[in-house]
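Visitor: Have a look at the structure that comes next, please.
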Amino acid sequence: MATTTATLSLTSADMTSDALNINCSTQLYKIGTTIGLDGTTGLASKTTTSTSIYTIFGEADYSDNKGLKFFVRNTASPNDSDEVAYTLLLTLGSQAVGYLGPGDWLFMPWDGTDDVKLTPSTAQSMKSEYMLVYEI
Amino acid sequence: MALVPTLTLTDSTTFSDEISFSVTDSLTVTAPSSSLSTIVATATGSQSVIVPASTNIAYLFVRHTGTTDGSTGTTRQVDVEFTTDEAIARLSAEEWLFMPVHHAEADVGVQLHVQHSSPSDVVQLEYAYWTKG
């Protein structure tokens with residue numbers, strides 16, 4: 001059965017006396033099975049010019065407690081401005097859980113019980129990218 | 001000090017349009033931090049605090065090993081949650097997450113909580129975190 005593979009590498013040569021080199025890879029399966037996830041939103045993007053919160057994945061559109069994994073990236077460059085904070089606050093329902101600085105991204109499972117939302121820190125133009133791979 | 005995370009997502013057969021992309025970043029990080037560690041989580045979240053209470057942003061990696069002790073398999077799910085018990089994500093066997101964790105409102109940490117009430121149900125996980133500089 002076809003599957004989506006997610007691979008993470010974490011490296012650092014100068015954080016501690018022991019150089020960091022973490023690598024892990026996982027197949028994205030339906031919960032409790034070895035059957036690959038069969039739905040995807042594709043990689044989407046949204047450009048905003050306000051600080052209004054917006055939903056990127058609505059809980060009503062997906063089953064609860066299934067195999068759902070999402071990726072979000074703040075496409076701003078760390079060099080875009082030294083004076084404007086181009087950040088995104090990640091919220092599940094009403095609970096803030098993450099903070100994406102310029103260029104930052106995340107990849108995590110989602111239980112599908114609360115909307116996934118982003119709040120830009122500035123009304124300057126900024127763009128997010130996001131993608132969900134899910135269980136139909 | 002720089003932490004370089006790279007994510008690659010690939011799938012050439014499930015969908016009509018192939019998934020194949022890779023993103024990387026260079027993160028400035030500082031202490032406190034914890035390099036890759038292992039922990040055996042239980043049904044009591046407060047016994048498995050992996051990021052101490054702080055208002056800082058922490059880059060967090062957590063991986064469910066699919067075992068109770070490195071060799072005995074388990075499929076028990078594990079919640080990654082704030083120390084105030086608010087859920088962040090639920091990991092099944094072999095799954096992992098990498099994210100910049102931030103509560104935004106309180107001085108809290110992150111803990112692990114096995115989704116079962118029996119004290120004998122435990123899960124071994126790997127984790128690491130670095131404070132955003």
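Residues are named by chain letter and number: chains run A, B, ... in the order of the structure tokens, numbers start at 1 in each chain, and ligands are numbered from 1 in the order shown.
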Give me, as a PyMOL selection string, the contact residues of chain B against chain A at a cut-off of 6 Å, counting only C-alpha atoms.
Guide: chain B and resi 1+3-11+13-14+89+97-103
Visitor: Give me the residues within 6 Å of Tyr129 (chain B) as a count of residues only, counting only C-alpha atoms and dropping any in the same chain fewer than 4 places off.
Guide: 4
Visitor: Could you jot down the CA of Ala128 (chain B) to CA of Ile50 (chain B) separation for me, Å, one decimal place?
Guide: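 These two atoms are separated by 8.1 Å.
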Visitor: Take CA of Trp96 (chain B) and CA of Ala85 (chain A) and report the distance between them in Å, one decimal.
Guide: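 Interatomic distance here is 28.8 Å.
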Visitor: Fewer than 5 positions away in the same chain doesn't count, so skip those; otherwise give me all residues within 6 Å of Ala41 (chain B), counting only C-alpha atoms, as a VMD selection string.
Guide: chain B and resid 48 122 to 123
Visitor: Would you mind listing what lies within 7 Å of Thr55 (chain B) as a list in words, with only C-alpha atoms counted and same-chain residues fewer than 2 positions away left out?
Guide: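 The residues satisfying every condition are Ile57, Ala106, Asp107 and Val108 of chain B.
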Visitor: Write a file of the selected residues as an mmCIF file, in the first residue's frame, keeping C-alpha atoms.
Guide:
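File written: part31.cif
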```
data_model
loop_
_atom_site.group_PDB
_atom_site.id
_atom_site.type_symbol
_atom_site.label_atom_id
_atom_site.label_comp_id
_atom_site.auth_asym_id
_atom_site.auth_seq_id
_atom_site.Cartn_x
_atom_site.Cartn_y
_atom_site.Cartn_z
ATOM 1 C CA ILE B 57 9.234 29.501 23.065
ATOM 2 C CA ALA B 106 0.952 31.304 31.123
ATOM 3 C CA ASP B 107 4.242 30.186 32.602
ATOM 4 C CA VAL B 108 3.857 26.489 31.846
#
```
Visitor: Would you list the contacts of Gly58 (chain A) as a count of residues only, taking every protein, DNA or RNA residue within 10 Å and counting only C-alpha atoms, but skipping same-chain residues closer than 4 positions in sequence?
Guide: 8
